[in-house]
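Trainee: Handing over final-v5.csv, CSV, C-alpha atoms and all ligand atoms.
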chain,number,residue,atom,x,y,z
A,22,MET,CA,-12.1,-4.8,-26.8
A,23,GLU,CA,-9.5,-6.2,-24.4
A,24,ILE,CA,-10.4,-5.4,-20.7
A,25,HIS,CA,-8.2,-6.4,-17.8
A,26,ILE,CA,-9.1,-6.1,-14.2
A,27,MET,CA,-7.1,-6.6,-11.0
A,28,GLY,CA,-8.9,-7.0,-7.7
A,29,SER,CA,-12.4,-7.9,-6.4
A,30,ASP,CA,-15.1,-6.7,-4.0
A,31,GLN,CA,-13.1,-8.4,-1.3
A,32,ARG,CA,-9.8,-6.6,-2.3
A,33,SER,CA,-11.3,-3.3,-1.1
A,34,VAL,CA,-12.5,-5.0,2.1
A,35,ARG,CA,-9.1,-6.4,2.8
A,36,CYS,CA,-7.4,-3.1,2.3
A,37,ALA,CA,-10.0,-1.5,4.7
A,38,ARG,CA,-9.7,-4.2,7.3
A,39,VAL,CA,-5.9,-3.8,7.5
A,40,SER,CA,-6.8,-0.7,9.6
A,41,PHE,CA,-7.7,-3.0,12.4
A,42,GLY,CA,-5.2,-5.8,11.5
A,43,LYS,CA,-8.0,-8.2,10.4
A,44,ASP,CA,-7.4,-8.3,6.6
A,45,GLU,CA,-7.2,-12.1,6.6
A,46,ILE,CA,-10.8,-12.5,7.8
A,47,SER,CA,-13.5,-13.1,5.2
A,48,ASP,CA,-17.2,-13.1,6.0
A,49,PRO,CA,-19.3,-12.1,2.9
A,50,ASP,CA,-22.2,-10.6,4.8
A,51,ARG,CA,-20.0,-8.5,7.0
A,52,ASP,CA,-17.7,-7.6,4.0
A,53,LYS,CA,-20.7,-6.3,2.0
A,54,ARG,CA,-21.9,-4.2,4.9
A,55,LEU,CA,-18.3,-2.8,5.3
A,56,LEU,CA,-18.3,-1.9,1.6
A,57,ARG,CA,-21.6,0.0,2.0
A,58,TYR,CA,-20.1,1.8,5.1
A,59,LEU,CA,-16.9,2.7,3.1
A,60,PHE,CA,-19.0,4.1,0.3
A,61,VAL,CA,-21.5,6.0,2.5
A,62,HIS,CA,-18.7,7.5,4.7
A,63,LYS,CA,-16.4,8.3,1.8
A,64,HIS,CA,-13.6,6.0,3.0
A,65,ALA,CA,-12.4,5.9,-0.5
A,66,SER,CA,-8.8,4.8,-0.5
A,67,PRO,CA,-9.4,1.0,-0.2
A,68,PHE,CA,-11.1,1.1,-3.6
A,69,GLU,CA,-7.9,2.4,-5.2
A,70,HIS,CA,-6.3,-1.1,-4.9
A,71,ASN,CA,-8.5,-2.4,-7.7
A,72,ILE,CA,-7.2,-1.6,-11.2
A,73,ILE,CA,-8.8,-1.5,-14.6
A,74,ALA,CA,-7.0,-1.5,-18.0
A,75,PHE,CA,-8.7,-1.4,-21.4
A,76,GLN,CA,-7.4,-1.3,-24.9
A,77,ALA,CA,-7.6,2.1,-26.5
A,78,SER,CA,-5.7,4.6,-28.7
A,79,LYS,CA,-4.1,7.7,-27.4
A,80,LYS,CA,-6.7,9.7,-29.3
A,81,GLU,CA,-9.5,7.8,-27.4
A,82,TRP,CA,-7.7,8.5,-24.2
A,83,LEU,CA,-7.5,12.2,-25.0
A,84,ALA,CA,-11.2,12.2,-25.9
A,85,ILE,CA,-12.0,10.8,-22.4
A,86,LEU,CA,-9.7,13.3,-20.7
A,87,GLU,CA,-11.5,16.1,-22.5
A,88,LYS,CA,-14.8,15.1,-20.9
A,89,ILE,CA,-13.3,15.2,-17.3
A,90,ASP,CA,-14.6,18.1,-15.3
A,91,ASN,CA,-13.1,16.9,-12.0
A,92,PRO,CA,-9.4,17.7,-11.5
A,93,SER,CA,-8.9,14.9,-9.0
A,94,VAL,CA,-9.7,12.1,-11.5
A,95,GLN,CA,-6.6,10.3,-12.7
A,96,ILE,CA,-6.7,8.3,-15.9
A,97,TYR,CA,-3.5,7.2,-17.5
A,98,PHE,CA,-2.4,6.0,-20.9
A,99,SER,CA,0.4,3.5,-21.4
A,100,GLY,CA,1.2,0.7,-24.0
A,101,ASP,CA,-2.1,1.0,-25.9
A,102,TYR,CA,-4.2,0.8,-22.7
A,103,ILE,CA,-6.1,3.3,-20.6
A,104,TRP,CA,-5.4,2.7,-16.9
A,105,LEU,CA,-7.5,3.8,-13.9
A,106,ASN,CA,-8.4,2.5,-10.5
A,107,LEU,CA,-11.8,1.7,-9.2
A,108,ARG,CA,-12.1,4.9,-7.2
A,109,ASN,CA,-11.5,6.9,-10.4
A,110,ALA,CA,-13.9,4.6,-12.3
A,111,ILE,CA,-16.6,5.3,-9.7
A,112,ASN,CA,-16.0,9.1,-9.9
A,113,ALA,CA,-15.8,9.1,-13.7
A,114,SER,CA,-18.3,6.3,-14.6
A,115,ARG,CA,-20.2,8.6,-17.0
A,116,ILE,CA,-17.2,8.9,-19.3
A,117,ILE,CA,-16.0,5.3,-19.4
A,118,PRO,CA,-17.0,3.3,-22.5
A,119,GLY,CA,-20.1,1.3,-22.0
A,120,GLU,CA,-18.4,-2.1,-22.6
A,121,VAL,CA,-15.8,-1.3,-20.0
A,122,PHE,CA,-18.5,-0.1,-17.6
A,123,GLU,CA,-20.4,-3.4,-18.0
A,124,GLU,CA,-17.3,-5.5,-17.3
A,125,VAL,CA,-16.5,-3.4,-14.2
A,126,LYS,CA,-20.0,-4.0,-12.9
A,127,ARG,CA,-19.6,-7.7,-13.5
A,128,PHE,CA,-16.3,-7.8,-11.8
A,129,PHE,CA,-17.3,-5.8,-8.7
A,130,PRO,CA,-21.0,-6.8,-8.3
A,131,THR,CA,-21.5,-5.7,-4.7
A,132,THR,CA,-19.5,-2.5,-5.0
A,133,TRP,CA,-21.4,-1.4,-8.1
A,134,THR,CA,-24.8,-2.1,-6.8
A,135,ILE,CA,-23.9,-0.1,-3.7
A,136,VAL,CA,-22.7,2.8,-5.9
A,137,GLU,CA,-25.7,2.7,-8.2
A,138,LYS,CA,-28.1,2.7,-5.2
A,139,GLY,CA,-26.1,5.6,-3.6
A,140,GLY,CA,-25.5,3.3,-0.6
A,141,LYS,CA,-29.2,3.0,0.1
A,142,ILE,CA,-29.5,-0.8,0.3
A,143,SER,CA,-30.9,-3.0,3.1
A,144,ASP,CA,-28.9,-5.8,4.8
A,145,ASP,CA,-31.2,-8.4,3.2
A,146,ASP,CA,-30.7,-7.0,-0.3
A,147,LEU,CA,-27.0,-6.8,0.3
A,148,SER,CA,-26.9,-10.4,1.5
A,149,ALA,CA,-28.6,-11.6,-1.7
A,150,LEU,CA,-26.0,-9.9,-4.0
A,151,PRO,CA,-23.1,-11.8,-5.7
A,152,TYR,CA,-19.7,-11.0,-4.2
A,153,SER,CA,-16.4,-11.3,-5.9
A,154,THR,CA,-13.4,-12.6,-3.9
A,155,ASP,CA,-9.6,-13.0,-4.2
A,156,ARG,CA,-8.3,-16.4,-5.3
A,157,VAL,CA,-5.4,-16.3,-2.9
A,158,PHE,CA,-4.4,-14.2,0.1
A,159,LEU,CA,-0.7,-13.9,-1.0
A,160,GLN,CA,1.0,-15.2,-4.1
A,161,GLU,CA,4.5,-15.1,-2.7
A,162,LYS,CA,6.3,-13.8,0.3
A,163,ARG,CA,9.9,-12.7,1.2
A,164,VAL,CA,11.2,-12.2,4.7
A,165,THR,CA,13.8,-9.4,5.4
A,166,SER,CA,15.7,-8.7,8.6
A,167,SER,CA,13.1,-6.2,9.8
A,168,GLY,CA,9.9,-7.6,8.4
A,169,TRP,CA,8.3,-9.2,5.3
A,170,ILE,CA,6.7,-8.4,2.0
A,171,GLY,CA,4.1,-10.4,0.1
A,172,LEU,CA,2.8,-10.1,-3.4
A,173,VAL,CA,-1.0,-10.0,-3.4
A,174,ASP,CA,-1.6,-9.6,-7.1
A,175,ARG,CA,-0.2,-8.2,-10.4
A,176,LEU,CA,-1.7,-6.9,-13.6
A,177,GLU,CA,1.1,-7.2,-16.2
A,178,LEU,CA,0.5,-6.1,-19.8
A,179,GLY,CA,4.1,-5.2,-20.6
A,180,THR,CA,3.5,-1.4,-20.0
A,181,GLU,CA,4.9,1.2,-17.7
A,182,MET,CA,1.6,1.3,-15.9
A,183,ASP,CA,1.4,-2.4,-15.1
A,184,TYR,CA,0.2,-2.7,-11.5
A,185,TYR,CA,1.2,-4.6,-8.4
A,186,THR,CA,-0.3,-4.9,-4.9
A,187,PHE,CA,1.9,-5.9,-2.0
A,188,ILE,CA,1.5,-6.3,1.8
A,189,VAL,CA,4.4,-4.9,3.8
A,190,GLU,CA,5.2,-5.4,7.4
A,191,CYS,CA,8.1,-3.2,8.5
A,192,PRO,CA,9.3,-0.9,11.3
A,193,LEU,CA,7.8,2.6,11.5
A,194,PHE,CA,10.9,4.3,10.3
A,195,VAL,CA,11.0,2.2,7.2
A,196,ALA,CA,7.3,2.9,6.5
A,197,ARG,CA,8.0,6.7,6.8
A,198,GLN,CA,10.6,6.4,4.1
A,199,TRP,CA,8.4,4.2,2.0
A,200,HIS,CA,5.4,6.4,2.1
A,201,ARG,CA,7.4,9.3,0.6
A,202,HIS,CA,6.8,7.3,-2.7
A,203,ARG,CA,3.5,9.0,-3.5
A,204,PHE,CA,2.7,7.5,-6.9
A,205,GLY,CA,0.6,4.5,-5.7
A,206,SER,CA,-2.0,3.8,-3.0
A,207,TYR,CA,-1.6,2.8,0.7
A,208,ASN,CA,-3.8,1.4,3.4
A,209,GLU,CA,-2.3,0.9,6.8
A,210,ILE,CA,-3.1,-0.6,10.2
A,211,SER,CA,-4.5,2.1,12.5
A,212,ARG,CA,-3.0,2.3,16.0
A,213,ARG,CA,-5.8,4.6,16.9
A,214,TYR,CA,-8.0,1.7,16.4
A,215,THR,CA,-6.3,-1.5,17.5
A,216,ALA,CA,-3.7,-2.8,19.9
A,217,TYR,CA,-3.7,-6.1,17.9
A,218,ASP,CA,-0.4,-7.9,17.4
A,219,ILE,CA,2.0,-5.1,18.3
A,220,LYS,CA,5.5,-6.3,17.4
A,221,PHE,CA,9.0,-4.8,17.3
A,222,TYR,CA,12.0,-5.1,15.2
A,223,ILE,CA,15.2,-5.5,17.2
A,224,PRO,CA,18.3,-5.4,14.9
A,225,GLU,CA,20.7,-8.3,15.2
A,226,VAL,CA,23.6,-5.8,15.0
A,227,LEU,CA,23.7,-2.1,15.9
A,228,ARG,CA,25.6,-0.7,12.9
A,229,LYS,CA,28.1,2.1,13.3
A,230,GLN,CA,27.4,5.6,11.9
A,231,ALA,CA,29.1,6.2,8.5
A,232,ARG,CA,31.7,8.9,8.5
A,233,SER,CA,31.4,9.8,4.8
A,234,ASN,CA,27.6,10.1,4.7
A,235,LYS,CA,25.8,11.8,7.5
A,236,GLN,CA,22.6,9.9,6.8
A,237,ALA,CA,24.1,6.4,6.5
A,238,SER,CA,25.6,3.5,8.5
A,239,VAL,CA,28.4,1.1,7.7
A,240,ASP,CA,28.3,-2.6,7.8
A,241,GLU,CA,30.3,-2.8,11.0
A,242,GLY,CA,28.8,-3.2,14.4
A,243,VAL,CA,29.5,-1.1,17.5
A,244,GLU,CA,32.2,-2.9,19.6
A,245,GLU,CA,31.5,-5.2,22.4
A,246,PRO,CA,30.6,-5.0,25.2
A,247,LEU,CA,28.7,-1.9,24.2
A,248,GLN,CA,26.8,-3.8,21.4
A,249,SER,CA,25.3,-6.3,23.9
A,250,GLU,CA,24.7,-3.7,26.5
A,251,PHE,CA,22.8,-1.4,24.1
A,252,LEU,CA,20.8,-4.2,22.6
A,253,SER,CA,19.8,-5.3,26.1
A,254,GLU,CA,18.8,-1.7,27.0
A,255,ILE,CA,16.7,-1.5,23.8
A,256,LYS,CA,14.8,-4.7,24.7
A,257,GLY,CA,14.3,-3.4,28.2
A,258,LEU,CA,13.0,0.0,27.0
A,259,ILE,CA,10.6,-1.7,24.5
A,260,ASN,CA,9.3,-3.9,27.3
A,261,ARG,CA,8.8,-1.0,29.6
A,262,SER,CA,7.1,1.1,27.0
A,263,MET,CA,4.7,-1.9,26.2
A,264,ASP,CA,4.0,-2.2,29.9
A,265,LEU,CA,3.1,1.5,30.2
A,266,TYR,CA,1.0,1.3,27.0
A,267,GLU,CA,-1.0,-1.7,28.4
A,268,LYS,CA,-1.3,0.0,31.8
A,269,MET,CA,-2.7,3.1,30.1
A,270,THR,CA,-5.1,1.4,27.7
A,271,VAL,CA,-6.5,-0.8,30.5
A,272,LYS,CA,-7.3,2.4,32.4
A,273,GLU,CA,-9.1,3.8,29.3
A,274,VAL,CA,-6.4,6.1,27.9
A,275,ALA,CA,-7.2,6.3,24.2
A,276,LYS,CA,-5.0,4.2,22.0
A,277,GLU,CA,-4.4,7.2,19.7
A,278,LEU,CA,-2.5,8.9,22.6
A,279,ALA,CA,-1.1,5.8,24.4
A,280,ARG,CA,0.7,4.8,21.2
A,281,GLY,CA,2.9,7.8,21.6
A,282,ILE,CA,5.0,5.9,24.1
A,283,LEU,CA,5.8,3.1,21.6
A,284,PRO,CA,9.3,3.3,19.9
A,285,GLN,CA,9.9,3.6,16.2
A,286,PHE,CA,11.1,0.0,16.2
A,287,MET,CA,7.4,-0.9,16.3
A,288,LYS,CA,6.2,-2.6,13.2
A,289,THR,CA,3.3,-1.5,11.0
A,290,ARG,CA,1.5,-3.2,8.2
A,291,TYR,CA,0.1,-1.8,4.9
A,292,TYR,CA,-1.2,-2.6,1.5
A,293,TRP,CA,0.7,-0.9,-1.3
A,294,THR,CA,-0.6,-0.8,-4.9
A,295,VAL,CA,1.8,0.7,-7.3
A,296,PRO,CA,2.3,1.2,-11.0
A,297,ARG,CA,5.5,-0.3,-12.6
A,298,ILE,CA,7.1,3.1,-13.3
A,299,ALA,CA,6.8,4.1,-9.7
A,300,LEU,CA,7.9,0.6,-8.5
A,301,ASP,CA,11.0,0.8,-10.7
A,302,ASN,CA,11.7,4.3,-9.3
A,303,PHE,CA,11.4,2.8,-5.8
A,304,ILE,CA,13.8,0.0,-6.6
A,305,THR,CA,16.4,2.4,-8.1
A,306,LEU,CA,16.3,4.8,-5.2
A,307,ARG,CA,16.0,2.2,-2.4
A,308,ILE,CA,18.5,-0.4,-3.7
A,309,HIS,CA,21.1,2.2,-3.9
A,310,GLU,CA,23.9,2.0,-1.2
A,311,GLY,CA,22.8,5.4,0.1
A,312,ALA,CA,19.5,4.0,1.2
A,313,GLN,CA,19.0,2.5,4.7
A,314,LYS,CA,19.9,-1.2,4.9
A,315,GLU,CA,16.4,-2.2,6.2
A,316,ILE,CA,14.6,-0.6,3.2
A,317,ARG,CA,17.3,-1.8,0.8
A,318,GLU,CA,16.5,-5.3,1.7
A,319,PHE,CA,12.8,-4.7,0.8
A,320,ALA,CA,13.8,-3.2,-2.5
A,321,GLU,CA,15.9,-6.3,-3.2
A,322,ALA,CA,13.0,-8.5,-2.2
A,323,ILE,CA,10.7,-6.7,-4.6
A,324,LYS,CA,13.2,-7.1,-7.4
A,325,GLU,CA,13.3,-10.8,-6.7
A,326,LEU,CA,9.5,-11.0,-6.6
A,327,VAL,CA,8.6,-9.0,-9.7
A,328,GLY,CA,11.8,-7.9,-11.4
A,329,TYR,CA,13.1,-4.5,-12.4
A,330,ARG,CA,12.3,-3.1,-15.9
A,331,GLU,CA,14.1,0.3,-15.9
A,332,THR,CA,10.9,2.2,-16.8
A,333,ASP,CA,11.9,4.9,-14.3
A,334,ARG,CA,14.8,5.9,-16.6
A,335,LYS,CA,12.3,7.9,-18.6
A,336,ASN,CA,12.4,10.6,-15.9
A,337,LEU,CA,15.4,12.9,-15.7
A,338,LEU,CA,14.4,13.9,-12.2
A,401,LIG,C1,18.7,8.0,0.1
A,401,LIG,C2,17.5,8.8,0.3
A,401,LIG,C3,17.5,9.9,1.2
A,401,LIG,C4,16.4,10.7,1.4
A,401,LIG,N1,16.4,11.7,2.3
A,401,LIG,C5,15.3,12.5,2.5
A,401,LIG,C6,15.3,13.5,3.5
A,401,LIG,O1,16.3,13.8,4.2
A,401,LIG,N2,14.2,14.3,3.6
A,401,LIG,C7,13.0,14.1,2.8
A,401,LIG,O2,12.1,14.8,3.0
A,401,LIG,N3,13.0,13.1,1.9
A,401,LIG,C8,14.1,12.3,1.7
A,401,LIG,N4,14.1,11.3,0.8
A,401,LIG,C9,12.8,11.0,0.0
A,401,LIG,C10,12.9,11.6,-1.4
A,401,LIG,O3,13.0,13.0,-1.4
A,401,LIG,C11,11.6,11.2,-2.2
A,401,LIG,O4,10.5,11.8,-1.6
A,401,LIG,C12,11.4,9.7,-2.2
A,401,LIG,O5,12.5,9.1,-2.6
A,401,LIG,C13,10.2,9.4,-3.2
A,401,LIG,O6,10.7,9.6,-4.6
A,401,LIG,P1,9.8,10.1,-5.8
A,401,LIG,O7,9.3,11.5,-5.4
A,401,LIG,O8,10.6,10.0,-7.0
A,401,LIG,O9,8.7,9.0,-5.8
A,401,LIG,P2,7.1,9.1,-6.0
A,401,LIG,O10,6.5,10.1,-5.1
A,401,LIG,O11,6.6,7.7,-6.0
A,401,LIG,O12,6.9,9.7,-7.4
A,401,LIG,C14,7.2,8.9,-8.6
A,401,LIG,C15,7.5,9.8,-9.8
A,401,LIG,O13,6.3,10.6,-10.0
A,401,LIG,C16,6.6,11.9,-10.4
A,401,LIG,N5,6.0,12.8,-9.3
A,401,LIG,C17,5.3,12.4,-8.2
A,401,LIG,N6,4.9,13.5,-7.6
A,401,LIG,C18,5.3,14.6,-8.2
A,401,LIG,C19,5.2,16.0,-8.1
A,401,LIG,N7,4.5,16.5,-7.0
A,401,LIG,N8,5.7,16.8,-9.0
A,401,LIG,C20,6.5,16.3,-10.0
A,401,LIG,N9,6.6,15.0,-10.3
A,401,LIG,C21,6.1,14.1,-9.4
A,401,LIG,C22,8.1,12.0,-10.4
A,401,LIG,O14,8.6,11.7,-11.7
A,401,LIG,C23,8.5,10.8,-9.5
A,401,LIG,O15,9.8,10.3,-9.8
A,401,LIG,C24,15.2,10.5,0.6
A,401,LIG,C25,15.2,9.4,-0.4
A,401,LIG,C26,16.3,8.6,-0.5
A,401,LIG,C27,16.3,7.5,-1.5
Turn this file's structure into structure tokens for me.

Mentor:
Amino acid sequence: MEIHIMGSDQRSVRCARVSFGKDEISDPDRDKRLLRYLFVHKHASPFEHNIIAFQASKKEWLAILEKIDNPSVQIYFSGDYIWLNLRNAINASRIIPGEVFEEVKRFFPTTWTIVEKGGKISDDDLSALPYSTDRVFLQEKRVTSSGWIGLVDRLELGTEMDYYTFIVECPLFVARQWHRHRFGSYNEISRRYTAYDIKFYIPEVLRKQARSNKQASVDEGVEEPLQSEFLSEIKGLINRSMDLYEKMTVKEVAKELARGILPQFMKTRYYWTVPRIALDNFITLRIHEGAQKEIREFAEAIKELVGYRETDRKNLL
């Protein structure tokens, strides 16, 4: 049977560590302890960024679905493959074919040992376990006017459920639009947790409000000298808000409250793992001229990185 897997023990760790902006750091012993912590404390979303696909017929898929007694388990069928993520594989391990189960165990040796032991494993025993890692941090990267996007990994079998993992760095208002795309998984930096590397997007040009579309802008800047005056006020406001943020956090105001003073131009960073059909839907909706320029640039960058396959046309709505 053909079995394909995207991810590693380390992939879940990276997606968890983005919470504190430290996803580039790798230390196997600490990583393994973090995996145990995630499992024991049910911080489950980082595991969703690992994807499993195995060859099966639709009939076999339906037979698996028939055995599910947990409505939150999601198992998909596309292009003669059954697709699920590692979180679902953990929750539905009883109903996955043995051969697939063995391959998953081999691919995620630390994760599966922790799962099998119910999280009850000592530091020394953890240390002795094999640990699977990513081959590269990023495969490719594109810079946009407001941030950047990097391709972490892809699992392409020519189906509508092919999977992609990206890292995105963008302003908060772009992230709010992005996260409306629910079919996929996200793990994001936590500004409750860390003041690490706070950065802001400052547009080069302040675009004018569009007259025809109340949501949109036009490609024309506000006239001078207002353009320069507003940009300089924006920079001043950002600096003042950062000063107040730092003053408050030094005096022990919790970051979860102090962050309220930081403007929406602040950048955030997240991992996004998404199936092709939802990715194509994102590209269609966000490349459209009705979408905001900043997110449009990201949709263009995604198209450049992994292409557009029109799979979203299957949906009328
Ligand atoms: C130009 C523009 C302006 C917008 N303005 C606003 C706004 O003013 N306010 C606002 O709240 N949002 C706004 N949105 C967001 C928009 O309503 C969608 O939430 C967003 O585009 C995500 O699209 P989606 O639901 O198709 O994607 P996903 O959530 O990724 O879903 C992918 C596909 O899965 C299916 N699906 C997922 N969840 C469900 C479900 N619960 N039921 C049925 N099918 C489902 C659908 O087929 C869907 O196309 C705007 C979007 C755009 C592009």

Trainee: Rank nothing, just name the residue among A:Ile210, A:Ala237, A:Leu247, A:Val271 nearest to ligand LIG 401 (chain A), using all atoms listed in the file.

Mentor: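 Smallest separation from ligand LIG 401 (chain A) among the options: A:Ala237.
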
Trainee: Could you tell me how far CA of Arg228 in chain A lies from CA of Leu283 in chain A, in Å and to one decimal?

Mentor: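 Separation of CA of Arg228 in chain A and CA of Leu283 in chain A: 22.0 Å.
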
Trainee: What gap, in Å, lies between CA of Val34 in chain A and CA of Leu178 in chain A?

Mentor: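 About the pair CA of Val34 in chain A and CA of Leu178 in chain A: they are 25.5 Å apart.
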
Trainee: Identify which of the residues A:Arg54, A:Arg280, A:His25, A:His200 lies closest to ligand LIG 401 (chain A), counting all atoms listed in the file when measuring atom-to-atom distances.

Mentor: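 Of A:Arg54, A:Arg280, A:His25, A:His200, the one nearest ligand LIG 401 (chain A) is A:His200, counting all atoms listed in the file.
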
Trainee: Compare A:Met269, A:Val239, A:Arg203, A:Leu252 by their minimum atom-to-atom distance to ligand LIG 401 (chain A), counting only C-alpha atoms and all ligand atoms, and give me the closest one.

Mentor: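 Selected residue with least distance to ligand LIG 401 (chain A): A:Arg203.
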
Trainee: Output the neighbourhood of ligand LIG 401 (chain A) as a list of chain:residue names, that is, all protein and nucleic acid residues with some atom at most 7 Å from the ligand, counting all atoms listed in the file.

Mentor: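 What falls inside 7 Å of ligand LIG 401 (chain A) is A:Gln198, A:Arg201, A:His202, A:Arg203, A:Phe204, A:Gly205, A:Ala299, A:Asn302, A:Phe303, A:Leu306, A:Arg307, A:Gly311, A:Ala312, A:Asn336, A:Leu338.
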
Trainee: I need the chosen residues saved as a short mmCIF file (atom, residue, chain, number, x, y, z; two decimals), in the coordinates of the input, with C-alpha atoms.

Mentor:
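To be explicit, this is the file written out as result-v3.cif:
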data_model
loop_
_atom_site.label_atom_id
_atom_site.label_comp_id
_atom_site.auth_asym_id
_atom_site.auth_seq_id
_atom_site.Cartn_x
_atom_site.Cartn_y
_atom_site.Cartn_z
CA GLN A 198 10.60 6.40 4.10
CA ARG A 201 7.40 9.30 0.60
CA HIS A 202 6.80 7.30 -2.70
CA ARG A 203 3.50 9.00 -3.50
CA PHE A 204 2.70 7.50 -6.90
CA GLY A 205 0.60 4.50 -5.70
CA ALA A 299 6.80 4.10 -9.70
CA ASN A 302 11.70 4.30 -9.30
CA PHE A 303 11.40 2.80 -5.80
CA LEU A 306 16.30 4.80 -5.20
CA ARG A 307 16.00 2.20 -2.40
CA GLY A 311 22.80 5.40 0.10
CA ALA A 312 19.50 4.00 1.20
CA ASN A 336 12.40 10.60 -15.90
CA LEU A 338 14.40 13.90 -12.20
#

Trainee: Excluding range 63-67 of chain A and residues on its chain fewer than 4 positions from it, collect all residues at most 7 Å away from it, counting only C-alpha atoms, and give them as a list in words.

Mentor: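 Skipping anything fewer than 4 positions along the chain leaves Ser33, Cys36, Ala37, Leu59, Arg108 and Asn208 of chain A.
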
Trainee: Please determine, counting all atoms listed in the file, which residue among A:Glu331, A:Glu124, A:Lys79, A:Arg35 has the shortest atom-to-atom distance to Leu159 in chain A.

Mentor: A:Arg35

Trainee: Compile the contact shell of Val243 in chain A as a VMD selection string: residues with an atom at most 12 Å away, counting only C-alpha atoms, same-chain residues fewer than 6 positions apart removed.

Mentor: chain A and resid 225 to 231 249 to 252

Trainee: Around (-10.0, 10.0, -7.3) in the file's own coordinates, what residues are found within 9 Å if you use only C-alpha atoms, given back as a list in words?

Mentor: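 Applying the cut-off with only C-alpha atoms, one gets Ala65, Ser66, Glu69, Asn91, Pro92, Ser93, Val94, Gln95, Asn106, Leu107, Arg108, Asn109, Ala110, Ile111, Asn112 and Ala113 of chain A.
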
Trainee: Please measure the separation of CA of Arg32 in chain A and CA of Met287 in chain A, giving the value in Å to one decimal.

Mentor: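 Computing it gives 26.0 Å between the two atoms.
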
Trainee: List the neighbours of Gly139 in chain A out to 10 Å using all atoms listed in the file; skip same-chain residues closer than 5 positions along the sequence, and give me the result as a list in words.

Mentor: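 With the cut-off at 10 Å, the set is Arg57, Phe60, Val61, Trp133 and Thr134 of chain A.
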
Trainee: Using only C-alpha atoms and a cutoff of 8 Å, can you tell me which residues are near (4.5, 1.4, 18.2) in the file's coordinates, and write them out as a ChimeraX atom specification?

Mentor: /A:193,212,219-221,280-289

Trainee: What does the file look like for those residues with C-alpha atoms, as a PDB file, keeping the file's coordinate frame?

Mentor:
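Contents of the output file again12.pdb:
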ATOM      1  CA  LEU A 193       7.800   2.600  11.500  1.00  0.00           C
ATOM      2  CA  ARG A 212      -3.000   2.300  16.000  1.00  0.00           C
ATOM      3  CA  ILE A 219       2.000  -5.100  18.300  1.00  0.00           C
ATOM      4  CA  LYS A 220       5.500  -6.300  17.400  1.00  0.00           C
ATOM      5  CA  PHE A 221       9.000  -4.800  17.300  1.00  0.00           C
ATOM      6  CA  ARG A 280       0.700   4.800  21.200  1.00  0.00           C
ATOM      7  CA  GLY A 281       2.900   7.800  21.600  1.00  0.00           C
ATOM      8  CA  ILE A 282       5.000   5.900  24.100  1.00  0.00           C
ATOM      9  CA  LEU A 283       5.800   3.100  21.600  1.00  0.00           C
ATOM     10  CA  PRO A 284       9.300   3.300  19.900  1.00  0.00           C
ATOM     11  CA  GLN A 285       9.900   3.600  16.200  1.00  0.00           C
ATOM     12  CA  PHE A 286      11.100   0.000  16.200  1.00  0.00           C
ATOM     13  CA  MET A 287       7.400  -0.900  16.300  1.00  0.00           C
ATOM     14  CA  LYS A 288       6.200  -2.600  13.200  1.00  0.00           C
ATOM     15  CA  THR A 289       3.300  -1.500  11.000  1.00  0.00           C
TER      16      THR A 289
END
